[in-house]
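Next comes work.csv, a file with CSV, N, CA and C atoms.
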chain,number,residue,atom,x,y,z
A,26,MET,N,0.4,2.7,-2.4
A,26,MET,CA,1.1,3.9,-2.2
A,26,MET,C,2.5,3.8,-2.9
A,27,SER,N,2.7,4.6,-3.9
A,27,SER,CA,4.0,4.6,-4.6
A,27,SER,C,4.3,6.0,-5.1
A,28,ARG,N,5.6,6.1,-5.5
A,28,ARG,CA,6.1,7.4,-6.0
A,28,ARG,C,7.2,7.0,-7.0
A,29,PRO,N,7.0,7.6,-8.2
A,29,PRO,CA,8.0,7.4,-9.3
A,29,PRO,C,9.4,7.9,-8.9
A,30,ILE,N,10.4,7.2,-9.4
A,30,ILE,CA,11.8,7.6,-9.1
A,30,ILE,C,12.3,8.4,-10.4
A,31,GLN,N,12.9,9.6,-10.2
A,31,GLN,CA,13.4,10.4,-11.3
A,31,GLN,C,14.8,10.0,-11.6
A,32,GLN,N,15.6,9.8,-10.5
A,32,GLN,CA,17.0,9.5,-10.7
A,32,GLN,C,17.4,8.6,-9.6
A,33,VAL,N,18.3,7.6,-9.9
A,33,VAL,CA,18.8,6.7,-8.9
A,33,VAL,C,20.2,6.4,-9.1
A,34,LYS,N,20.9,6.4,-7.9
A,34,LYS,CA,22.3,6.0,-7.9
A,34,LYS,C,22.4,4.8,-6.9
A,35,TRP,N,23.4,3.9,-7.1
A,35,TRP,CA,23.5,2.8,-6.1
A,35,TRP,C,24.9,2.4,-6.0
A,36,LYS,N,25.2,1.7,-4.9
A,36,LYS,CA,26.5,1.1,-4.6
A,36,LYS,C,26.3,-0.1,-3.7
A,37,ARG,N,27.1,-1.1,-4.1
A,37,ARG,CA,27.1,-2.3,-3.2
A,37,ARG,C,27.9,-1.9,-1.9
A,38,ALA,N,27.8,-2.7,-0.9
A,38,ALA,CA,28.5,-2.4,0.4
A,38,ALA,C,30.0,-2.4,0.2
A,39,SER,N,30.5,-3.2,-0.8
A,39,SER,CA,31.9,-3.3,-1.1
A,39,SER,C,32.4,-2.1,-1.9
A,40,ASP,N,31.5,-1.3,-2.5
A,40,ASP,CA,32.0,-0.2,-3.4
A,40,ASP,C,32.3,1.0,-2.6
A,41,ASP,N,33.2,1.9,-3.2
A,41,ASP,CA,33.6,3.1,-2.5
A,41,ASP,C,32.7,4.3,-2.9
A,42,SER,N,32.1,4.2,-4.1
A,42,SER,CA,31.3,5.4,-4.6
A,42,SER,C,30.0,4.9,-5.3
A,43,TYR,N,29.1,5.8,-5.4
A,43,TYR,CA,27.8,5.5,-6.1
A,43,TYR,C,28.0,5.5,-7.6
A,44,THR,N,27.1,4.8,-8.3
A,44,THR,CA,27.1,4.7,-9.7
A,44,THR,C,25.6,5.2,-10.1
A,45,ASP,N,25.5,6.1,-11.0
A,45,ASP,CA,24.2,6.6,-11.5
A,45,ASP,C,23.7,5.5,-12.5
A,46,ILE,N,22.6,4.9,-12.1
A,46,ILE,CA,22.0,3.8,-13.0
A,46,ILE,C,20.7,4.3,-13.6
A,47,THR,N,20.4,5.6,-13.6
A,47,THR,CA,19.2,6.1,-14.2
A,47,THR,C,19.0,5.7,-15.6
A,48,ASP,N,20.1,5.8,-16.4
A,48,ASP,CA,19.9,5.5,-17.9
A,48,ASP,C,19.8,4.0,-18.1
A,49,ALA,N,20.1,3.1,-17.1
A,49,ALA,CA,19.9,1.7,-17.3
A,49,ALA,C,18.5,1.2,-17.0
A,50,ILE,N,17.7,2.1,-16.5
A,50,ILE,CA,16.3,1.6,-16.1
A,50,ILE,C,15.3,2.4,-17.0
A,51,ASP,N,14.2,1.6,-17.3
A,51,ASP,CA,13.1,2.2,-18.0
A,51,ASP,C,12.1,2.9,-17.1
A,52,GLU,N,12.0,2.3,-15.9
A,52,GLU,CA,11.1,2.8,-14.9
A,52,GLU,C,11.5,2.4,-13.5
A,53,GLY,N,11.4,3.3,-12.6
A,53,GLY,CA,11.7,3.0,-11.2
A,53,GLY,C,10.6,3.6,-10.3
A,54,VAL,N,10.2,2.8,-9.3
A,54,VAL,CA,9.1,3.2,-8.4
A,54,VAL,C,9.5,2.8,-6.9
A,55,LEU,N,9.3,3.7,-6.0
A,55,LEU,CA,9.4,3.4,-4.6
A,55,LEU,C,7.9,3.2,-4.1
A,56,SER,N,7.7,2.0,-3.4
A,56,SER,CA,6.4,1.7,-3.0
A,56,SER,C,6.4,1.4,-1.5
A,57,ALA,N,5.2,1.7,-0.9
A,57,ALA,CA,5.0,1.4,0.6
A,57,ALA,C,3.9,0.3,0.7
A,58,THR,N,4.1,-0.6,1.6
A,58,THR,CA,3.1,-1.6,1.9
A,58,THR,C,2.4,-1.1,3.1
A,59,PRO,N,1.1,-1.0,3.0
A,59,PRO,CA,0.3,-0.5,4.2
A,59,PRO,C,0.4,-1.5,5.3
A,60,HIS,N,0.4,-0.9,6.5
A,60,HIS,CA,0.4,-1.8,7.7
A,60,HIS,C,-1.0,-2.4,7.9
A,61,PRO,N,-1.0,-3.7,8.2
A,61,PRO,CA,-2.3,-4.4,8.3
A,61,PRO,C,-3.2,-3.9,9.5
A,62,GLU,N,-2.6,-3.3,10.5
A,62,GLU,CA,-3.4,-2.7,11.6
A,62,GLU,C,-3.7,-1.3,11.3
A,63,ALA,N,-5.0,-1.0,11.2
A,63,ALA,CA,-5.4,0.4,10.8
A,63,ALA,C,-5.0,1.4,11.8
A,64,ALA,N,-4.8,1.1,13.0
A,64,ALA,CA,-4.4,2.1,14.0
A,64,ALA,C,-2.9,2.6,13.8
A,65,ILE,N,-2.1,1.8,13.1
A,65,ILE,CA,-0.7,2.2,12.8
A,65,ILE,C,-0.6,2.9,11.5
A,66,ASP,N,-0.2,4.2,11.6
A,66,ASP,CA,-0.3,5.0,10.3
A,66,ASP,C,1.0,5.0,9.6
A,67,ARG,N,1.9,4.1,9.9
A,67,ARG,CA,3.2,4.0,9.2
A,67,ARG,C,3.1,2.7,8.3
A,68,PRO,N,3.7,2.7,7.1
A,68,PRO,CA,3.7,1.5,6.3
A,68,PRO,C,4.4,0.4,7.0
A,69,LYS,N,4.1,-0.8,6.6
A,69,LYS,CA,4.7,-2.0,7.1
A,69,LYS,C,6.1,-2.2,6.5
A,70,GLY,N,6.3,-1.8,5.3
A,70,GLY,CA,7.6,-1.9,4.7
A,70,GLY,C,7.6,-1.1,3.4
A,71,TYR,N,8.8,-1.0,2.8
A,71,TYR,CA,9.0,-0.3,1.5
A,71,TYR,C,9.8,-1.1,0.6
A,72,SER,N,9.6,-0.9,-0.7
A,72,SER,CA,10.4,-1.6,-1.7
A,72,SER,C,10.7,-0.7,-2.9
A,73,VAL,N,11.8,-1.0,-3.6
A,73,VAL,CA,12.1,-0.2,-4.8
A,73,VAL,C,12.0,-1.2,-5.9
A,74,ARG,N,11.2,-0.9,-7.0
A,74,ARG,CA,11.1,-1.7,-8.1
A,74,ARG,C,11.7,-1.0,-9.3
A,75,LEU,N,12.6,-1.7,-10.0
A,75,LEU,CA,13.3,-1.1,-11.1
A,75,LEU,C,13.0,-2.0,-12.3
A,76,THR,N,12.5,-1.4,-13.4
A,76,THR,CA,12.4,-2.1,-14.7
A,76,THR,C,13.6,-1.7,-15.5
A,77,LEU,N,14.5,-2.7,-15.8
A,77,LEU,CA,15.7,-2.4,-16.5
A,77,LEU,C,15.5,-2.3,-18.0
A,78,ALA,N,16.2,-1.5,-18.6
A,78,ALA,CA,16.2,-1.4,-20.1
A,78,ALA,C,16.8,-2.7,-20.6
A,79,PRO,N,16.3,-3.1,-21.8
A,79,PRO,CA,16.7,-4.5,-22.3
A,79,PRO,C,18.2,-4.7,-22.5
A,80,ASP,N,19.0,-3.6,-22.6
A,80,ASP,CA,20.4,-3.8,-22.8
A,80,ASP,C,21.2,-3.5,-21.6
A,81,SER,N,20.6,-3.5,-20.4
A,81,SER,CA,21.3,-3.2,-19.1
A,81,SER,C,21.9,-4.4,-18.5
A,82,THR,N,22.8,-5.1,-19.3
A,82,THR,CA,23.4,-6.4,-18.8
A,82,THR,C,24.3,-6.1,-17.6
A,83,ASP,N,25.0,-5.0,-17.6
A,83,ASP,CA,26.0,-4.8,-16.5
A,83,ASP,C,25.2,-4.6,-15.2
A,84,LEU,N,24.1,-3.8,-15.2
A,84,LEU,CA,23.3,-3.7,-14.0
A,84,LEU,C,22.7,-5.0,-13.6
A,85,ALA,N,22.1,-5.7,-14.5
A,85,ALA,CA,21.5,-7.0,-14.2
A,85,ALA,C,22.5,-7.9,-13.5
A,86,GLY,N,23.7,-8.0,-14.0
A,86,GLY,CA,24.8,-8.8,-13.4
A,86,GLY,C,25.1,-8.3,-12.0
A,87,ALA,N,25.2,-7.0,-11.8
A,87,ALA,CA,25.5,-6.5,-10.5
A,87,ALA,C,24.4,-6.8,-9.5
A,88,LEU,N,23.2,-6.7,-9.9
A,88,LEU,CA,22.1,-7.0,-9.0
A,88,LEU,C,22.1,-8.5,-8.7
A,89,GLN,N,22.4,-9.3,-9.6
A,89,GLN,CA,22.5,-10.8,-9.4
A,89,GLN,C,23.6,-11.1,-8.3
A,90,GLU,N,24.8,-10.4,-8.4
A,90,GLU,CA,25.8,-10.6,-7.5
A,90,GLU,C,25.5,-10.0,-6.1
A,91,ALA,N,24.7,-8.9,-6.1
A,91,ALA,CA,24.4,-8.3,-4.8
A,91,ALA,C,23.3,-9.1,-4.0
A,92,LEU,N,22.6,-10.0,-4.7
A,92,LEU,CA,21.6,-10.9,-4.1
A,92,LEU,C,22.2,-11.6,-2.9
A,93,LEU,N,23.5,-12.0,-3.0
A,93,LEU,CA,24.2,-12.8,-2.0
A,93,LEU,C,25.0,-12.0,-1.0
A,94,ASP,N,25.0,-10.7,-1.1
A,94,ASP,CA,25.7,-9.8,-0.2
A,94,ASP,C,25.1,-9.8,1.2
A,95,LEU,N,25.9,-9.9,2.2
A,95,LEU,CA,25.4,-9.9,3.6
A,95,LEU,C,25.0,-8.5,4.0
A,96,ASP,N,25.8,-7.5,3.6
A,96,ASP,CA,25.5,-6.1,4.0
A,96,ASP,C,24.7,-5.5,2.9
A,97,PRO,N,23.7,-4.6,3.3
A,97,PRO,CA,22.9,-4.0,2.3
A,97,PRO,C,23.6,-3.1,1.3
A,98,ALA,N,23.1,-3.0,0.1
A,98,ALA,CA,23.6,-2.0,-0.8
A,98,ALA,C,23.0,-0.6,-0.3
A,99,ARG,N,23.4,0.5,-1.0
A,99,ARG,CA,22.9,1.8,-0.7
A,99,ARG,C,22.4,2.5,-1.9
A,100,MET,N,21.4,3.3,-1.8
A,100,MET,CA,20.9,4.0,-2.9
A,100,MET,C,20.7,5.5,-2.6
A,101,VAL,N,20.8,6.3,-3.6
A,101,VAL,CA,20.4,7.7,-3.5
A,101,VAL,C,19.2,7.8,-4.5
A,102,LEU,N,18.0,8.2,-4.0
A,102,LEU,CA,16.8,8.3,-4.8
A,102,LEU,C,16.3,9.7,-4.9
A,103,HIS,N,16.1,10.1,-6.1
A,103,HIS,CA,15.4,11.4,-6.3
A,103,HIS,C,14.0,11.1,-6.8
A,104,LEU,N,13.0,11.3,-5.9
A,104,LEU,CA,11.7,11.0,-6.2
A,104,LEU,C,10.9,12.1,-6.8
A,105,GLU,N,10.0,11.8,-7.6
A,105,GLU,CA,9.1,12.8,-8.3
A,105,GLU,C,8.4,13.5,-7.2
A,106,GLY,N,8.4,14.9,-7.3
A,106,GLY,CA,7.7,15.7,-6.3
A,106,GLY,C,8.4,15.9,-5.0
A,107,VAL,N,9.6,15.4,-4.8
A,107,VAL,CA,10.4,15.6,-3.6
A,107,VAL,C,11.7,16.4,-4.0
A,108,GLU,N,11.9,17.6,-3.3
A,108,GLU,CA,13.0,18.4,-3.7
A,108,GLU,C,14.4,17.8,-3.4
A,109,GLU,N,14.6,17.3,-2.2
A,109,GLU,CA,15.9,16.8,-1.8
A,109,GLU,C,15.9,15.3,-2.0
A,110,PRO,N,17.0,14.8,-2.6
A,110,PRO,CA,17.1,13.3,-2.8
A,110,PRO,C,17.3,12.6,-1.4
A,111,ILE,N,16.8,11.4,-1.4
A,111,ILE,CA,17.0,10.5,-0.2
A,111,ILE,C,18.3,9.8,-0.3
A,112,SER,N,19.2,10.1,0.6
A,112,SER,CA,20.6,9.6,0.4
A,112,SER,C,20.9,8.4,1.4
A,113,SER,N,21.8,7.6,1.0
A,113,SER,CA,22.3,6.5,1.7
A,113,SER,C,21.2,5.5,2.3
A,114,LEU,N,20.2,5.3,1.4
A,114,LEU,CA,19.1,4.4,1.7
A,114,LEU,C,19.6,2.9,1.6
A,115,PRO,N,19.5,2.2,2.7
A,115,PRO,CA,19.9,0.8,2.6
A,115,PRO,C,18.9,0.0,1.9
A,116,VAL,N,19.3,-0.9,1.0
A,116,VAL,CA,18.4,-1.8,0.2
A,116,VAL,C,19.1,-3.2,0.1
A,117,SER,N,18.2,-4.2,0.0
A,117,SER,CA,18.7,-5.5,-0.2
A,117,SER,C,17.9,-6.1,-1.4
A,118,VAL,N,18.7,-6.7,-2.3
A,118,VAL,CA,18.1,-7.3,-3.5
A,118,VAL,C,17.2,-8.5,-3.2
A,119,SER,N,15.9,-8.5,-3.6
A,119,SER,CA,15.0,-9.6,-3.3
A,119,SER,C,14.6,-10.3,-4.5
A,120,LYS,N,14.7,-9.6,-5.7
A,120,LYS,CA,14.3,-10.2,-7.0
A,120,LYS,C,15.2,-9.7,-8.0
A,121,VAL,N,15.8,-10.6,-8.8
A,121,VAL,CA,16.8,-10.2,-9.8
A,121,VAL,C,16.1,-10.2,-11.2
A,122,PRO,N,16.6,-9.4,-12.1
A,122,PRO,CA,16.0,-9.4,-13.4
A,122,PRO,C,16.7,-10.5,-14.3
A,123,HIS,N,15.9,-11.0,-15.2
A,123,HIS,CA,16.4,-11.9,-16.3
A,123,HIS,C,16.1,-11.2,-17.6
A,124,LEU,N,17.0,-10.5,-18.1
A,124,LEU,CA,16.8,-9.7,-19.3
A,124,LEU,C,16.2,-10.5,-20.4
A,125,GLY,N,15.2,-9.9,-21.1
A,125,GLY,CA,14.6,-10.6,-22.2
A,125,GLY,C,13.3,-11.4,-21.8
A,126,THR,N,13.3,-11.9,-20.5
A,126,THR,CA,12.1,-12.6,-20.1
A,126,THR,C,11.4,-11.9,-18.9
A,127,GLN,N,12.2,-11.2,-18.1
A,127,GLN,CA,11.7,-10.6,-16.9
A,127,GLN,C,12.7,-9.5,-16.5
A,128,ASN,N,12.4,-8.2,-16.9
A,128,ASN,CA,13.3,-7.1,-16.7
A,128,ASN,C,13.2,-6.4,-15.4
A,129,THR,N,12.4,-6.9,-14.4
A,129,THR,CA,12.2,-6.2,-13.2
A,129,THR,C,13.0,-6.7,-12.1
A,130,ALA,N,13.6,-5.8,-11.3
A,130,ALA,CA,14.3,-6.1,-10.1
A,130,ALA,C,13.6,-5.5,-8.9
A,131,GLU,N,13.6,-6.1,-7.8
A,131,GLU,CA,13.0,-5.6,-6.6
A,131,GLU,C,14.0,-5.6,-5.5
A,132,LEU,N,14.0,-4.5,-4.7
A,132,LEU,CA,14.9,-4.3,-3.6
A,132,LEU,C,14.1,-3.9,-2.4
A,133,GLY,N,14.3,-4.6,-1.3
A,133,GLY,CA,13.6,-4.3,-0.1
A,133,GLY,C,14.4,-3.3,0.7
A,134,VAL,N,13.7,-2.4,1.5
A,134,VAL,CA,14.3,-1.5,2.4
A,134,VAL,C,14.2,-2.1,3.8
A,135,PRO,N,15.4,-2.4,4.4
A,135,PRO,CA,15.4,-2.9,5.8
A,135,PRO,C,14.9,-1.8,6.7
A,136,SER,N,14.4,-2.3,7.9
A,136,SER,CA,13.8,-1.4,8.9
A,136,SER,C,14.7,-0.2,9.2
A,137,GLU,N,16.0,-0.3,9.2
A,137,GLU,CA,16.8,0.9,9.5
A,137,GLU,C,16.7,2.0,8.5
A,138,GLY,N,16.2,1.7,7.3
A,138,GLY,CA,16.0,2.8,6.3
A,138,GLY,C,14.6,3.4,6.3
A,139,HIS,N,13.7,2.8,7.1
A,139,HIS,CA,12.3,3.3,7.0
A,139,HIS,C,12.2,4.8,7.4
A,140,ASP,N,12.9,5.2,8.4
A,140,ASP,CA,12.8,6.6,8.9
A,140,ASP,C,13.2,7.6,7.8
A,141,LYS,N,14.0,7.2,6.8
A,141,LYS,CA,14.4,8.1,5.7
A,141,LYS,C,13.3,8.3,4.7
A,142,LEU,N,12.3,7.4,4.8
A,142,LEU,CA,11.2,7.4,3.8
A,142,LEU,C,9.9,7.9,4.3
A,143,HIS,N,9.7,8.0,5.6
A,143,HIS,CA,8.4,8.5,6.2
A,143,HIS,C,8.2,9.9,5.8
A,144,GLY,N,7.0,10.2,5.3
A,144,GLY,CA,6.7,11.5,4.9
A,144,GLY,C,6.8,11.7,3.4
A,145,HIS,N,7.5,10.8,2.7
A,145,HIS,CA,7.7,10.9,1.3
A,145,HIS,C,6.7,10.1,0.5
A,146,ILE,N,6.1,9.1,1.1
A,146,ILE,CA,5.0,8.3,0.5
A,146,ILE,C,3.8,8.4,1.4
Please lay out the structure from this file as structure tokens.
Amino acid sequence: MSRPIQQVKWKRASDDSYTDITDAIDEGVLSATPHPEAAIDRPKGYSVRLTLAPDSTDLAGALQEALLDLDPARMVLHLEGVEEPISSLPVSVSKVPHLGTQNTAELGVPSEGHDKLHGHI
């Protein structure tokens, strides 16, 4: 279960404002992991996968730094097929990109952000 991201903004916990990073990524996808118990109709978890453009060194560095942050970063996601953007979604970096060899970053959505995503995937 996944949905493409049309536009994405993000900020680390220490930042005052969001930065639009849409041009720095080649592809973005919000995915849901199905719950292993069939009786539970909510996903077990959610993740954001960003494939960075090869020249996105600033974003790659910021994601590397955010890996060690104690407080989650925040994202604003505009998903394909969803009218209103999902705002102030908490995310934590779980996989950092290494441009040139592995351009994908993964960010997990902690449980406090799950309610913002129910019904969108």
DSSP on the backbone: what in stretch 30-134 of chain A comes out strand (DSSP E or B), as a PyMOL selection string? chain A and resi 30-36+44-45+50-58+70-77+98-104+111-120+123+127+129-134
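Between atom CA of A:Gly133 and atom CA of A:Lys120 there is a distance of 9.1 Å.
Proximity to A:Pro59 at 9 Å, evaluated using only C-alpha atoms and with sequence-adjacent residues fewer than 4 positions away removed, yields Met26, Ala63, Asp66, Arg67, Pro68, Lys69 and Gly70 of chain A.
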Mind checking which residues fall within 12 Å of A:Leu92, counting only C-alpha atoms, ignoring those fewer than 4 positions away in the same chain, and posting them as an NGL selection string? :A and (37-38 or 85-88 or 96-98 or 116-122 or 130-133)
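For the atom pair formed by atom CA of A:Asp45 and atom N of A:Ala78, the distance is 13.4 Å, given to one decimal.
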Can you pull out every residue from stretch 26-106 of chain A that DSSP, working from the backbone, puts in alpha helix (DSSP H), and format the result as a ChimeraX atom specification? /A:82-91
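Between atom N of A:Thr76 and atom CA of A:Leu142 the separation is 19.4 Å.
Each of A:Ser112, A:Leu77, A:His123, A:Asp83 was checked against A:Ile50 using only N, CA and C atoms; the smallest atom-to-atom distance is that of A:Leu77.
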Counting only C-alpha atoms, which residue out of A:Asp40, A:Asp48, A:Asp94, A:Asp140 sits closest to A:Ser81? A:Asp48
Counting only C-alpha atoms, what is within 8 Å of A:Tyr71, bar same-chain residues fewer than 5 positions away, as a VMD selection string? chain A and resid 55 to 58 133 to 134 139
Could you take the residues named above and write them with N, CA and C atoms, as a PDB file, in the coordinates of the input?
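Now in selection-v4.pdb:
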ATOM      1  N   LEU A  55       9.300   3.700  -6.000  1.00  0.00           N
ATOM      2  CA  LEU A  55       9.400   3.400  -4.600  1.00  0.00           C
ATOM      3  C   LEU A  55       7.900   3.200  -4.100  1.00  0.00           C
ATOM      4  N   SER A  56       7.700   2.000  -3.400  1.00  0.00           N
ATOM      5  CA  SER A  56       6.400   1.700  -3.000  1.00  0.00           C
ATOM      6  C   SER A  56       6.400   1.400  -1.500  1.00  0.00           C
ATOM      7  N   ALA A  57       5.200   1.700  -0.900  1.00  0.00           N
ATOM      8  CA  ALA A  57       5.000   1.400   0.600  1.00  0.00           C
ATOM      9  C   ALA A  57       3.900   0.300   0.700  1.00  0.00           C
ATOM     10  N   THR A  58       4.100  -0.600   1.600  1.00  0.00           N
ATOM     11  CA  THR A  58       3.100  -1.600   1.900  1.00  0.00           C
ATOM     12  C   THR A  58       2.400  -1.100   3.100  1.00  0.00           C
ATOM     13  N   GLY A 133      14.300  -4.600  -1.300  1.00  0.00           N
ATOM     14  CA  GLY A 133      13.600  -4.300  -0.100  1.00  0.00           C
ATOM     15  C   GLY A 133      14.400  -3.300   0.700  1.00  0.00           C
ATOM     16  N   VAL A 134      13.700  -2.400   1.500  1.00  0.00           N
ATOM     17  CA  VAL A 134      14.300  -1.500   2.400  1.00  0.00           C
ATOM     18  C   VAL A 134      14.200  -2.100   3.800  1.00  0.00           C
ATOM     19  N   HIS A 139      13.700   2.800   7.100  1.00  0.00           N
ATOM     20  CA  HIS A 139      12.300   3.300   7.000  1.00  0.00           C
ATOM     21  C   HIS A 139      12.200   4.800   7.400  1.00  0.00           C
TER      22      HIS A 139
END
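Of the listed residues A:Ser27, A:Gln89, A:Gly138, A:Leu114, the one whose atoms come nearest to A:Val101 is A:Leu114, with distances taken using all atoms listed in the file.
Here the question is which of A:Pro61, A:Leu84, A:Ser72, A:Leu124 gets nearest to A:Ile46 using only N, CA and C atoms, and that residue is A:Leu84.
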Could you check which of A:Leu104, A:Ala91, A:Val73, A:Ala64 is closest to A:Ile30, using only N, CA and C atoms? A:Leu104
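Taking only N, CA and C atoms into account, A:Thr82 lies nearest to A:Ala49 out of the set A:Ala49, A:Ser136, A:Val33, A:Val107.
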